[in-house]
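A quick write-up on the structure given underneath.
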Amino acid sequence: MELHLNDPTDSTPAVLDFHRFVLLFTHSFSDRVRFVGELEVEHAVVEGLEEGGELELEQAYLDFLVHPALNFRAGMLLVPVGIINERHEPPVFHGVERPFVDTVIIPTTWFEAGAGIHGALGRGFRYRAYAMAPLDATEFSAGEGLQGAAQHGSEAVVRNAAFTGRLEYVGIRGLQTGASFWTGDTGFNVPRIKTSVGLYEVDARLSRGRLEARSQLAHVFIKGAGALNDAMGRLTGIDPNIAEQLFGVYGEVAYRFLPASAPHDAAVFVRYENFDTQFKMPAGSLPLPQFDRDAWVIGATYWVDPDVAIKFDYSHVRSGSTVVPPPRSINIGLGWWF
Amino acid sequence: MTGRLVFVLVLAMATAGRSQTATEPRVIHVAAERFAFTPSEITVDEGSIVELRLTSDDTDHGFRVYGLGDPSVVIPKRGRGDVRVTIEAKEAGSYRFECSHVCGAGHGFMRGTIRVKPRGQQ
């Protein structure tokens, strides 16, 4: 559960938002057949035909456990890309809002209908590989990247499947590293245009004593972006200015400063992000400077309980634009999980 | 004479220590964190007794191992101590363990294996 107060430092009014309410439930049909479900309400109220909250079925899958190295999974799945997408409980990450890279480069929470395999390869390595419904290129945007392009298993068009996978190493306590990808055609809604997306990502998380660090790099390649812009321009009258490449990277360091004997825990953190949703444009298109951004987020997390976090941060976004001011805000959040 | 007595005493103490060690279970520390156990593969000798000391680096987790008595316990949250599970590895083979307490979106990934080596195998 996440309750946020976002107060922009310009004249925009502050917003109090019950951002996420999540219900997670599981059932074991047997030792080898399991169900996992996750239902989420975003922004508290869901209203028909209006821009407002969302009710999302983020997970609903069956696991068929065959062998530690090879198991089968099918249903609504979280895309196994990046740190946050499969690990989004609010007490788990610092900052009131998720990292920008995990918003506009990797479109979390990214879930899709599909099926695949997963397992442990030994020596701390494990993997998952799924075939899923593809992204919809008509929902790409210049500023928000792939956000909004997932079909979310809602009567999803699967003329061509997309493929995704992740290889992780979790063999050393306190260290988790991973590399993941997504690839698939995206042009099913644009006649006679062939477009596809390749997303490649690497990440690492480290925890040593009271010090924590994490980093993630993601690079998106959109083939056929120029033709897509032309086709969308003809269809809607507006060139969406989609880029050929999107790129984002961040690094974060946190320190838990209360002694281990203290009944509660607290950490300060600083995160630097650099992200550009128009990293490389197709021939004939120019990038807009407001989409080449970086951000400093500095703040603190106070855990009343390991599953209840009070968060505070200041987010300072910068861009190359002298016309469009980047958002800067003071944020307070309450996150809990049980 | 005194030298011989000291040798016998030292030998007796060493022998006593060895026999005590032989009956004590081998202790293996296992850390649970969303969404992995470290180590996730544990190798033990057939016929041995091991004590798993399970701690969490974040929230409550569960621990259940199939085929070795099927113990199921809750691992307390970070900073709240450990839980200990004693396992007797009677028969060689691979035994699956997993988190048995829903711990988040990736709960289904929290699995591991205890491999019991046949006697005499290196």
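Chain lettering (A, B, ...) mirrors the order of the structure tokens, residue numbering begins at 1 for each chain separately, and ligand numbering begins at 1 in order of display.
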
Kindly provide, as a ChimeraX atom specification, the residues of chain B having any atom no farther than 12 Å from an atom of chain A, counting only C-alpha atoms.
/B:29-43,55-61,64-67,70,76-81,94-98,100-115

Mind dumping the selected residues with N, CA and C atoms as a compact mmCIF listing (two decimals), in the first residue's frame?
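Wrote result33.txt, looks like this:
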# COMPACT_ATOMS: atom_id res chain seq x y z
N HIS B 29 24.10 -21.45 8.00
CA HIS B 29 23.34 -20.20 8.07
C HIS B 29 22.69 -19.93 6.70
N VAL B 30 21.41 -19.67 6.72
CA VAL B 30 20.69 -19.38 5.47
C VAL B 30 19.98 -18.04 5.64
N ALA B 31 20.22 -17.14 4.69
CA ALA B 31 19.58 -15.82 4.74
C ALA B 31 18.45 -15.78 3.72
N ALA B 32 17.32 -15.23 4.16
CA ALA B 32 16.18 -15.06 3.25
C ALA B 32 16.01 -13.58 2.96
N GLU B 33 15.77 -13.27 1.71
CA GLU B 33 15.54 -11.89 1.30
C GLU B 33 14.65 -11.91 0.09
N ARG B 34 13.73 -10.92 -0.04
CA ARG B 34 12.91 -10.90 -1.24
C ARG B 34 13.81 -10.91 -2.47
N PHE B 35 13.86 -11.85 -3.32
CA PHE B 35 13.12 -13.08 -3.32
C PHE B 35 14.11 -14.21 -3.57
N ALA B 36 14.97 -14.45 -2.59
CA ALA B 36 15.99 -15.50 -2.73
C ALA B 36 16.44 -15.98 -1.36
N PHE B 37 16.84 -17.23 -1.33
CA PHE B 37 17.56 -17.77 -0.17
C PHE B 37 19.04 -17.79 -0.53
N THR B 38 19.90 -17.45 0.41
CA THR B 38 21.34 -17.56 0.21
C THR B 38 21.94 -18.34 1.37
N PRO B 39 22.53 -19.51 1.13
CA PRO B 39 22.64 -20.17 -0.18
C PRO B 39 21.31 -20.81 -0.57
N SER B 40 21.13 -20.97 -1.88
CA SER B 40 19.90 -21.62 -2.35
C SER B 40 20.16 -23.09 -2.65
N GLU B 41 21.43 -23.49 -2.60
CA GLU B 41 21.78 -24.91 -2.75
C GLU B 41 22.62 -25.32 -1.56
N ILE B 42 22.18 -26.33 -0.89
CA ILE B 42 22.88 -26.80 0.31
C ILE B 42 23.21 -28.27 0.10
N THR B 43 24.48 -28.61 0.28
CA THR B 43 24.89 -30.00 0.09
C THR B 43 25.30 -30.58 1.44
N THR B 55 17.66 -16.65 8.90
CA THR B 55 17.39 -15.25 9.25
C THR B 55 16.82 -14.54 8.04
N SER B 56 16.16 -13.42 8.29
CA SER B 56 15.61 -12.63 7.20
C SER B 56 16.32 -11.28 7.13
N ASP B 57 16.55 -10.81 5.91
CA ASP B 57 17.11 -9.47 5.73
C ASP B 57 16.01 -8.44 5.48
N ASP B 58 14.76 -8.87 5.49
CA ASP B 58 13.67 -7.90 5.31
C ASP B 58 12.42 -8.36 6.05
N THR B 59 11.45 -8.88 5.35
CA THR B 59 10.16 -9.19 5.95
C THR B 59 10.12 -10.63 6.48
N ASP B 60 8.96 -11.03 7.01
CA ASP B 60 8.75 -12.43 7.38
C ASP B 60 8.84 -13.30 6.13
N HIS B 61 9.53 -14.39 6.24
CA HIS B 61 9.52 -15.39 5.18
C HIS B 61 9.14 -16.72 5.81
N ARG B 64 10.01 -24.16 4.05
CA ARG B 64 9.45 -25.50 4.05
C ARG B 64 10.31 -26.36 3.13
N VAL B 65 10.69 -27.54 3.63
CA VAL B 65 11.48 -28.45 2.80
C VAL B 65 10.68 -29.74 2.63
N TYR B 66 10.61 -30.18 1.40
CA TYR B 66 9.78 -31.35 1.09
C TYR B 66 10.62 -32.63 1.10
N GLY B 67 10.14 -33.61 1.83
CA GLY B 67 10.78 -34.93 1.81
C GLY B 67 11.74 -35.20 2.94
N ASP B 70 9.41 -32.57 6.12
CA ASP B 70 8.50 -31.47 5.78
C ASP B 70 8.33 -30.42 6.87
N PRO B 76 11.52 -14.99 11.19
CA PRO B 76 11.11 -13.66 11.66
C PRO B 76 11.75 -12.53 10.86
N LYS B 77 11.14 -11.36 10.94
CA LYS B 77 11.60 -10.19 10.19
C LYS B 77 13.03 -9.80 10.56
N ARG B 78 13.62 -8.98 9.74
CA ARG B 78 14.97 -8.46 9.95
C ARG B 78 15.14 -7.94 11.38
N GLY B 79 16.21 -8.32 12.00
CA GLY B 79 16.53 -7.82 13.34
C GLY B 79 15.79 -8.52 14.46
N ARG B 80 15.02 -9.54 14.14
CA ARG B 80 14.23 -10.21 15.19
C ARG B 80 14.68 -11.66 15.41
N GLY B 81 15.95 -11.89 15.16
CA GLY B 81 16.52 -13.20 15.47
C GLY B 81 16.37 -14.22 14.36
N SER B 94 17.75 -35.21 -3.90
CA SER B 94 17.55 -33.76 -3.94
C SER B 94 16.21 -33.44 -3.32
N TYR B 95 16.21 -32.49 -2.42
CA TYR B 95 14.98 -32.11 -1.72
C TYR B 95 14.75 -30.62 -1.92
N ARG B 96 13.56 -30.30 -2.36
CA ARG B 96 13.21 -28.91 -2.66
C ARG B 96 12.80 -28.18 -1.40
N PHE B 97 13.27 -26.94 -1.23
CA PHE B 97 12.72 -26.09 -0.16
C PHE B 97 12.24 -24.78 -0.76
N GLU B 98 11.37 -24.11 -0.05
CA GLU B 98 10.78 -22.89 -0.60
C GLU B 98 10.27 -22.00 0.52
N SER B 100 7.43 -20.47 2.42
CA SER B 100 6.05 -20.94 2.60
C SER B 100 5.16 -19.85 3.19
N HIS B 101 5.66 -18.61 3.19
CA HIS B 101 4.90 -17.50 3.74
C HIS B 101 4.91 -16.40 2.68
N VAL B 102 3.76 -16.03 2.16
CA VAL B 102 3.71 -15.06 1.06
C VAL B 102 4.48 -13.79 1.45
N CYS B 103 5.47 -13.42 0.61
CA CYS B 103 6.38 -12.34 1.01
C CYS B 103 6.47 -11.23 -0.03
N GLY B 104 5.62 -11.25 -1.03
CA GLY B 104 5.64 -10.18 -2.02
C GLY B 104 5.41 -10.71 -3.41
N ALA B 105 5.54 -9.79 -4.39
CA ALA B 105 5.19 -10.13 -5.77
C ALA B 105 6.02 -11.28 -6.33
N GLY B 106 7.26 -11.42 -5.86
CA GLY B 106 8.13 -12.47 -6.40
C GLY B 106 8.25 -13.68 -5.49
N HIS B 107 7.29 -13.83 -4.60
CA HIS B 107 7.29 -14.94 -3.63
C HIS B 107 7.56 -16.29 -4.31
N GLY B 108 7.00 -16.48 -5.49
CA GLY B 108 7.12 -17.75 -6.19
C GLY B 108 8.54 -18.10 -6.62
N PHE B 109 9.46 -17.13 -6.57
CA PHE B 109 10.84 -17.41 -6.98
C PHE B 109 11.70 -17.92 -5.83
N MET B 110 11.17 -17.87 -4.63
CA MET B 110 12.02 -18.19 -3.46
C MET B 110 12.07 -19.69 -3.24
N ARG B 111 13.01 -20.32 -3.91
CA ARG B 111 13.14 -21.77 -3.80
C ARG B 111 14.61 -22.15 -3.72
N GLY B 112 14.85 -23.36 -3.29
CA GLY B 112 16.22 -23.86 -3.23
C GLY B 112 16.21 -25.38 -3.15
N THR B 113 17.40 -25.94 -3.06
CA THR B 113 17.54 -27.40 -3.05
C THR B 113 18.54 -27.83 -1.99
N ILE B 114 18.18 -28.87 -1.26
CA ILE B 114 19.13 -29.54 -0.36
C ILE B 114 19.52 -30.84 -1.06
N ARG B 115 20.80 -30.97 -1.36
CA ARG B 115 21.30 -32.19 -1.98
C ARG B 115 21.97 -33.04 -0.91

Non-local contacts of Met281 (chain A) (12 Å; only C-alpha atoms; under 3 positions in same chain excluded) as a compact mmCIF listing (two decimals) with N, CA and C atoms, in the first residue's frame:
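Wrote it out as part_5.txt, contents follow:
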# COMPACT_ATOMS: atom_id res chain seq x y z
N ALA A 142 6.89 10.37 -26.86
CA ALA A 142 8.21 11.01 -26.84
C ALA A 142 8.73 11.18 -25.42
N PHE A 221 15.74 -0.10 -27.97
CA PHE A 221 15.91 0.13 -29.41
C PHE A 221 14.55 -0.06 -30.08
N ILE A 222 14.10 0.95 -30.82
CA ILE A 222 12.83 0.83 -31.55
C ILE A 222 13.13 0.84 -33.03
N LYS A 223 12.96 -0.31 -33.66
CA LYS A 223 13.18 -0.39 -35.11
C LYS A 223 11.95 0.14 -35.83
N GLY A 224 12.18 0.89 -36.89
CA GLY A 224 11.06 1.41 -37.67
C GLY A 224 10.43 2.64 -37.04
N ALA A 225 11.16 3.34 -36.16
CA ALA A 225 10.58 4.52 -35.49
C ALA A 225 10.24 5.63 -36.49
N GLY A 226 11.10 5.79 -37.51
CA GLY A 226 10.84 6.84 -38.50
C GLY A 226 9.55 6.57 -39.26
N ALA A 227 9.38 5.34 -39.73
CA ALA A 227 8.15 4.97 -40.45
C ALA A 227 6.94 5.07 -39.53
N ASN A 229 6.57 7.16 -36.98
CA ASN A 229 6.24 8.58 -36.82
C ASN A 229 5.47 9.10 -38.04
N PRO A 240 4.32 11.87 -33.48
CA PRO A 240 4.60 11.59 -32.07
C PRO A 240 6.07 11.72 -31.69
N ASN A 241 6.94 11.84 -32.69
CA ASN A 241 8.37 12.08 -32.43
C ASN A 241 8.99 10.96 -31.58
N ILE A 242 8.65 9.73 -31.93
CA ILE A 242 9.20 8.58 -31.21
C ILE A 242 10.68 8.41 -31.57
N ALA A 243 11.48 8.07 -30.59
CA ALA A 243 12.92 7.93 -30.81
C ALA A 243 13.27 6.52 -31.28
N GLU A 244 14.46 6.42 -31.86
CA GLU A 244 14.99 5.09 -32.22
C GLU A 244 15.60 4.40 -31.02
N GLN A 245 16.09 5.20 -30.09
CA GLN A 245 16.71 4.62 -28.89
C GLN A 245 16.32 5.44 -27.66
N LEU A 246 16.08 4.74 -26.57
CA LEU A 246 15.85 5.35 -25.26
C LEU A 246 16.93 4.78 -24.33
N PHE A 247 17.36 5.58 -23.39
CA PHE A 247 18.45 5.12 -22.53
C PHE A 247 18.26 5.67 -21.12
N ASP A 276 16.95 9.47 -20.97
CA ASP A 276 16.65 10.23 -22.18
C ASP A 276 15.71 9.39 -23.04
N THR A 277 14.49 9.86 -23.20
CA THR A 277 13.53 9.12 -24.02
C THR A 277 13.67 9.46 -25.51
N GLN A 278 14.63 10.34 -25.82
CA GLN A 278 14.97 10.60 -27.23
C GLN A 278 16.49 10.52 -27.38
N GLY A 284 15.98 12.61 -39.89
CA GLY A 284 14.99 13.62 -40.21
C GLY A 284 14.22 14.13 -39.02
N SER A 285 14.39 13.53 -37.84
CA SER A 285 13.70 14.00 -36.63
C SER A 285 14.72 14.56 -35.65
N LEU A 286 14.31 15.58 -34.94
CA LEU A 286 15.22 16.20 -33.98
C LEU A 286 14.75 15.90 -32.55
N PRO A 287 15.69 15.65 -31.63
CA PRO A 287 15.29 15.40 -30.24
C PRO A 287 14.89 16.70 -29.55
N LEU A 288 13.93 16.62 -28.65
CA LEU A 288 13.53 17.78 -27.87
C LEU A 288 14.34 17.78 -26.56
N PHE A 291 13.42 16.21 -23.02
CA PHE A 291 13.37 14.76 -22.77
C PHE A 291 14.74 14.16 -22.46

Can you pull out the residues contacting region 94-97 of chain A? Cut-off 9 Å, using only C-alpha atoms, and skip same-chain residues under 3 positions away; I want them as a PyMOL selection string.
chain A and resi 2-6+90-91+100+252+254+267-271+297-301+310-315+331-335

Could you dump the residues just selected with N, CA and C atoms as a PDB file, in the first residue's frame?
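Result saved to again03.pdb:
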ATOM      1  N   GLU A   2       0.495   2.254  -0.764  1.00  0.00           N
ATOM      2  CA  GLU A   2       1.315   3.464  -0.839  1.00  0.00           C
ATOM      3  C   GLU A   2       0.429   4.701  -0.807  1.00  0.00           C
ATOM      4  N   LEU A   3       0.695   5.582   0.157  1.00  0.00           N
ATOM      5  CA  LEU A   3       0.025   6.880   0.247  1.00  0.00           C
ATOM      6  C   LEU A   3       1.087   7.942   0.030  1.00  0.00           C
ATOM      7  N   HIS A   4       0.860   8.846  -0.931  1.00  0.00           N
ATOM      8  CA  HIS A   4       1.881   9.837  -1.293  1.00  0.00           C
ATOM      9  C   HIS A   4       1.352  11.255  -1.161  1.00  0.00           C
ATOM     10  N   LEU A   5       2.219  12.137  -0.703  1.00  0.00           N
ATOM     11  CA  LEU A   5       1.978  13.583  -0.798  1.00  0.00           C
ATOM     12  C   LEU A   5       3.085  14.139  -1.678  1.00  0.00           C
ATOM     13  N   ASN A   6       2.717  14.636  -2.862  1.00  0.00           N
ATOM     14  CA  ASN A   6       3.687  15.205  -3.797  1.00  0.00           C
ATOM     15  C   ASN A   6       3.464  16.707  -3.873  1.00  0.00           C
ATOM     16  N   PRO A  90       6.511  -1.232  -1.425  1.00  0.00           N
ATOM     17  CA  PRO A  90       7.101   0.076  -1.087  1.00  0.00           C
ATOM     18  C   PRO A  90       8.177   0.059  -0.006  1.00  0.00           C
ATOM     19  N   PRO A  91       8.140  -0.818   1.014  1.00  0.00           N
ATOM     20  CA  PRO A  91       9.255  -0.775   1.976  1.00  0.00           C
ATOM     21  C   PRO A  91      10.581  -1.284   1.393  1.00  0.00           C
ATOM     22  N   PHE A 100      12.890   7.124 -11.980  1.00  0.00           N
ATOM     23  CA  PHE A 100      12.398   7.558 -13.292  1.00  0.00           C
ATOM     24  C   PHE A 100      12.727   6.518 -14.371  1.00  0.00           C
ATOM     25  N   GLU A 252      22.317   4.330  -6.819  1.00  0.00           N
ATOM     26  CA  GLU A 252      21.749   4.767  -5.534  1.00  0.00           C
ATOM     27  C   GLU A 252      22.590   4.197  -4.393  1.00  0.00           C
ATOM     28  N   ALA A 254      22.597   4.032  -0.054  1.00  0.00           N
ATOM     29  CA  ALA A 254      21.821   4.283   1.166  1.00  0.00           C
ATOM     30  C   ALA A 254      22.609   3.778   2.369  1.00  0.00           C
ATOM     31  N   ALA A 267      17.188   5.003   7.265  1.00  0.00           N
ATOM     32  CA  ALA A 267      18.282   5.132   6.291  1.00  0.00           C
ATOM     33  C   ALA A 267      18.172   6.468   5.580  1.00  0.00           C
ATOM     34  N   VAL A 268      19.310   6.996   5.193  1.00  0.00           N
ATOM     35  CA  VAL A 268      19.339   8.137   4.280  1.00  0.00           C
ATOM     36  C   VAL A 268      19.836   7.609   2.932  1.00  0.00           C
ATOM     37  N   PHE A 269      19.402   8.254   1.870  1.00  0.00           N
ATOM     38  CA  PHE A 269      19.820   7.759   0.562  1.00  0.00           C
ATOM     39  C   PHE A 269      19.977   8.913  -0.411  1.00  0.00           C
ATOM     40  N   VAL A 270      20.753   8.656  -1.434  1.00  0.00           N
ATOM     41  CA  VAL A 270      20.864   9.586  -2.550  1.00  0.00           C
ATOM     42  C   VAL A 270      20.893   8.768  -3.835  1.00  0.00           C
ATOM     43  N   ARG A 271      20.153   9.239  -4.818  1.00  0.00           N
ATOM     44  CA  ARG A 271      20.082   8.529  -6.105  1.00  0.00           C
ATOM     45  C   ARG A 271      20.318   9.521  -7.237  1.00  0.00           C
ATOM     46  N   VAL A 297      17.752  12.556  -6.472  1.00  0.00           N
ATOM     47  CA  VAL A 297      16.705  12.314  -5.470  1.00  0.00           C
ATOM     48  C   VAL A 297      17.426  12.018  -4.164  1.00  0.00           C
ATOM     49  N   ILE A 298      17.127  12.818  -3.147  1.00  0.00           N
ATOM     50  CA  ILE A 298      17.795  12.638  -1.857  1.00  0.00           C
ATOM     51  C   ILE A 298      16.717  12.564  -0.784  1.00  0.00           C
ATOM     52  N   GLY A 299      16.881  11.663   0.157  1.00  0.00           N
ATOM     53  CA  GLY A 299      15.825  11.535   1.147  1.00  0.00           C
ATOM     54  C   GLY A 299      16.143  10.542   2.238  1.00  0.00           C
ATOM     55  N   ALA A 300      15.099  10.123   2.921  1.00  0.00           N
ATOM     56  CA  ALA A 300      15.258   9.200   4.050  1.00  0.00           C
ATOM     57  C   ALA A 300      14.080   8.236   4.101  1.00  0.00           C
ATOM     58  N   THR A 301      14.351   7.074   4.639  1.00  0.00           N
ATOM     59  CA  THR A 301      13.306   6.071   4.875  1.00  0.00           C
ATOM     60  C   THR A 301      13.375   5.671   6.342  1.00  0.00           C
ATOM     61  N   ILE A 310       8.029   4.956   6.377  1.00  0.00           N
ATOM     62  CA  ILE A 310       7.692   6.366   6.183  1.00  0.00           C
ATOM     63  C   ILE A 310       8.829   6.960   5.368  1.00  0.00           C
ATOM     64  N   LYS A 311       8.469   7.598   4.258  1.00  0.00           N
ATOM     65  CA  LYS A 311       9.496   8.061   3.322  1.00  0.00           C
ATOM     66  C   LYS A 311       9.401   9.569   3.116  1.00  0.00           C
ATOM     67  N   PHE A 312      10.560  10.148   2.894  1.00  0.00           N
ATOM     68  CA  PHE A 312      10.640  11.575   2.590  1.00  0.00           C
ATOM     69  C   PHE A 312      11.735  11.761   1.556  1.00  0.00           C
ATOM     70  N   ASP A 313      11.467  12.588   0.551  1.00  0.00           N
ATOM     71  CA  ASP A 313      12.563  12.892  -0.379  1.00  0.00           C
ATOM     72  C   ASP A 313      12.335  14.208  -1.101  1.00  0.00           C
ATOM     73  N   TYR A 314      13.414  14.699  -1.657  1.00  0.00           N
ATOM     74  CA  TYR A 314      13.372  15.856  -2.548  1.00  0.00           C
ATOM     75  C   TYR A 314      13.883  15.395  -3.903  1.00  0.00           C
ATOM     76  N   SER A 315      13.086  15.639  -4.933  1.00  0.00           N
ATOM     77  CA  SER A 315      13.417  15.186  -6.276  1.00  0.00           C
ATOM     78  C   SER A 315      13.705  16.400  -7.157  1.00  0.00           C
ATOM     79  N   ASN A 331       8.440  15.225  -1.541  1.00  0.00           N
ATOM     80  CA  ASN A 331       7.493  14.114  -1.489  1.00  0.00           C
ATOM     81  C   ASN A 331       7.540  13.425  -0.129  1.00  0.00           C
ATOM     82  N   ILE A 332       6.365  13.090   0.358  1.00  0.00           N
ATOM     83  CA  ILE A 332       6.255  12.332   1.601  1.00  0.00           C
ATOM     84  C   ILE A 332       5.408  11.102   1.301  1.00  0.00           C
ATOM     85  N   GLY A 333       5.825   9.959   1.779  1.00  0.00           N
ATOM     86  CA  GLY A 333       5.079   8.738   1.484  1.00  0.00           C
ATOM     87  C   GLY A 333       4.970   7.822   2.680  1.00  0.00           C
ATOM     88  N   LEU A 334       3.907   7.066   2.672  1.00  0.00           N
ATOM     89  CA  LEU A 334       3.710   6.034   3.687  1.00  0.00           C
ATOM     90  C   LEU A 334       3.479   4.734   2.919  1.00  0.00           C
ATOM     91  N   GLY A 335       4.322   3.760   3.152  1.00  0.00           N
ATOM     92  CA  GLY A 335       4.178   2.496   2.437  1.00  0.00           C
ATOM     93  C   GLY A 335       4.176   1.340   3.410  1.00  0.00           C
TER      94      GLY A 335
END

Have a look at A:Tyr255, A:Trp336, A:Phe188, A:Phe181 and name the one nearest to Glu201 (chain A); count only C-alpha atoms.
A:Phe181

Contacts of Glu42 (chain A) at 9 Å or less, counting only C-alpha atoms, minus same-chain residues fewer than 4 places along, as an mmCIF file with N, CA and C atoms, in the first residue's frame?
data_model
loop_
_atom_site.group_PDB
_atom_site.id
_atom_site.type_symbol
_atom_site.label_atom_id
_atom_site.label_comp_id
_atom_site.auth_asym_id
_atom_site.auth_seq_id
_atom_site.Cartn_x
_atom_site.Cartn_y
_atom_site.Cartn_z
ATOM 1 N N PHE A 18 -3.706 8.232 -2.688
ATOM 2 C CA PHE A 18 -3.537 6.840 -2.262
ATOM 3 C C PHE A 18 -3.138 6.078 -3.518
ATOM 4 N N HIS A 19 -1.830 6.014 -3.751
ATOM 5 C CA HIS A 19 -1.313 5.613 -5.063
ATOM 6 C C HIS A 19 -1.605 4.147 -5.385
ATOM 7 N N ARG A 20 -1.352 3.272 -4.414
ATOM 8 C CA ARG A 20 -1.532 1.843 -4.722
ATOM 9 C C ARG A 20 -2.127 1.086 -3.543
ATOM 10 N N PHE A 21 -3.092 0.243 -3.852
ATOM 11 C CA PHE A 21 -3.645 -0.690 -2.879
ATOM 12 C C PHE A 21 -3.583 -2.065 -3.541
ATOM 13 N N VAL A 22 -2.832 -2.952 -2.958
ATOM 14 C CA VAL A 22 -2.530 -4.233 -3.619
ATOM 15 C C VAL A 22 -3.016 -5.399 -2.780
ATOM 16 N N VAL A 46 -11.733 4.112 -9.233
ATOM 17 C CA VAL A 46 -11.784 3.696 -10.630
ATOM 18 C C VAL A 46 -13.125 4.129 -11.194
ATOM 19 N N GLY A 52 -8.622 8.423 -14.585
ATOM 20 C CA GLY A 52 -8.588 8.365 -13.125
ATOM 21 C C GLY A 52 -7.808 7.176 -12.664
ATOM 22 N N GLY A 53 -8.348 6.437 -11.708
ATOM 23 C CA GLY A 53 -7.655 5.286 -11.167
ATOM 24 C C GLY A 53 -7.699 4.094 -12.094
ATOM 25 N N GLU A 54 -6.995 3.080 -11.697
ATOM 26 C CA GLU A 54 -6.951 1.854 -12.496
ATOM 27 C C GLU A 54 -7.101 0.651 -11.581
ATOM 28 N N LEU A 55 -7.823 -0.324 -12.070
ATOM 29 C CA LEU A 55 -7.909 -1.611 -11.392
ATOM 30 C C LEU A 55 -7.147 -2.591 -12.271
ATOM 31 N N GLU A 56 -6.072 -3.140 -11.754
ATOM 32 C CA GLU A 56 -5.173 -3.932 -12.593
ATOM 33 C C GLU A 56 -4.984 -5.335 -12.035
#

Could you give me, as a list in words, each residue of region 48-109 of chain B that DSSP assigns to strand (DSSP E) when run on this structure's backbone?
Ile49, Val50, Glu51, Leu52, Arg53, Leu54, Thr55, Ser56, His61, Gly62, Phe63, Arg64, Val65, Ser72, Val73, Val74, Ile75, Val83, Arg84, Val85, Thr86, Ile87, Glu88, Gly93, Ser94, Tyr95, Arg96, Phe97 and Glu98 of chain B

Please produce a file of the residues just selected, as a compact mmCIF listing (two decimals), in the first residue's frame, where the atoms kept are C-alpha atoms.
# COMPACT_ATOMS: atom_id res chain seq x y z
CA ILE B 49 22.31 -34.07 10.90
CA VAL B 50 22.31 -30.39 9.99
CA GLU B 51 20.91 -27.40 11.78
CA LEU B 52 19.73 -24.61 9.50
CA ARG B 53 19.78 -21.18 11.13
CA LEU B 54 17.43 -19.05 9.11
CA THR B 55 17.39 -15.25 9.25
CA SER B 56 15.61 -12.63 7.20
CA HIS B 61 9.52 -15.39 5.18
CA GLY B 62 8.63 -19.04 5.47
CA PHE B 63 10.75 -22.13 5.07
CA ARG B 64 9.45 -25.50 4.05
CA VAL B 65 11.48 -28.45 2.80
CA SER B 72 7.55 -25.56 7.94
CA VAL B 73 8.51 -22.50 9.96
CA VAL B 74 8.19 -18.73 9.76
CA ILE B 75 11.48 -16.82 9.56
CA VAL B 83 14.66 -19.72 13.56
CA ARG B 84 16.43 -23.08 13.66
CA VAL B 85 15.47 -26.20 11.79
CA THR B 86 17.21 -29.52 12.37
CA ILE B 87 17.23 -31.92 9.48
CA GLU B 88 18.37 -35.53 9.40
CA GLY B 93 18.70 -37.31 -3.13
CA SER B 94 17.55 -33.76 -3.94
CA TYR B 95 14.98 -32.11 -1.72
CA ARG B 96 13.21 -28.91 -2.66
CA PHE B 97 12.72 -26.09 -0.16
CA GLU B 98 10.78 -22.89 -0.60

Pairwise distance for CA of Cys99 (chain B) and CA of His27 (chain A), rounded to one decimal in Å
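Taking CA of Cys99 (chain B) as the start and CA of His27 (chain A) as the end point, the length is 13.4 Å.
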
List as a list in words the protein and nucleic acid residues near region 190-193 of chain A, meaning an atom at most 10 Å away when only C-alpha atoms are counted, but skip any in the same chain fewer than 4 places from it.
Asp136, Ala137, Thr138, Thr186, Gly224, Ala225, Ala227, Leu228, Asp230, Ala231, Met232 and Leu235 of chain A

Since we have the selection now, will you write its residues out, keeping N, CA and C atoms, as a compact mmCIF listing (two decimals), in the first residue's frame?
# COMPACT_ATOMS: atom_id res chain seq x y z
N ASP A 136 2.29 -2.32 -27.93
CA ASP A 136 1.54 -1.64 -28.99
C ASP A 136 2.26 -0.33 -29.33
N ALA A 137 2.84 -0.28 -30.54
CA ALA A 137 3.66 0.88 -30.93
C ALA A 137 2.85 2.18 -30.97
N THR A 138 1.55 2.09 -31.14
CA THR A 138 0.76 3.33 -31.23
C THR A 138 0.65 4.03 -29.88
N THR A 186 5.93 -4.74 -32.74
CA THR A 186 5.00 -3.85 -32.03
C THR A 186 3.99 -3.18 -32.95
N GLY A 224 12.18 0.89 -36.89
CA GLY A 224 11.06 1.41 -37.67
C GLY A 224 10.43 2.64 -37.04
N ALA A 225 11.16 3.34 -36.16
CA ALA A 225 10.58 4.52 -35.49
C ALA A 225 10.24 5.63 -36.49
N ALA A 227 9.38 5.34 -39.73
CA ALA A 227 8.15 4.97 -40.45
C ALA A 227 6.94 5.07 -39.53
N LEU A 228 7.14 4.72 -38.26
CA LEU A 228 6.04 4.81 -37.30
C LEU A 228 5.60 6.27 -37.11
N ASP A 230 5.93 8.68 -39.25
CA ASP A 230 5.24 9.12 -40.47
C ASP A 230 3.81 8.60 -40.49
N ALA A 231 3.65 7.30 -40.18
CA ALA A 231 2.32 6.69 -40.23
C ALA A 231 1.40 7.32 -39.19
N MET A 232 1.90 7.52 -37.97
CA MET A 232 1.07 8.12 -36.92
C MET A 232 0.74 9.57 -37.25
N LEU A 235 -2.09 9.39 -39.63
CA LEU A 235 -3.32 8.91 -39.00
C LEU A 235 -3.96 9.95 -38.07

If you run DSSP on the backbone, which residues of region 12-79 of chain B are helix (DSSP H, G or I), as a list in words?
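Here are the helix (DSSP H, G or I) residues of region 12-79 of chain B: Ala12, Met13, Ala14, Thr15, Ala16, Gly17, Arg18, Ser19, Gln20, Thr21, Ala22 and Thr23 of chain B.
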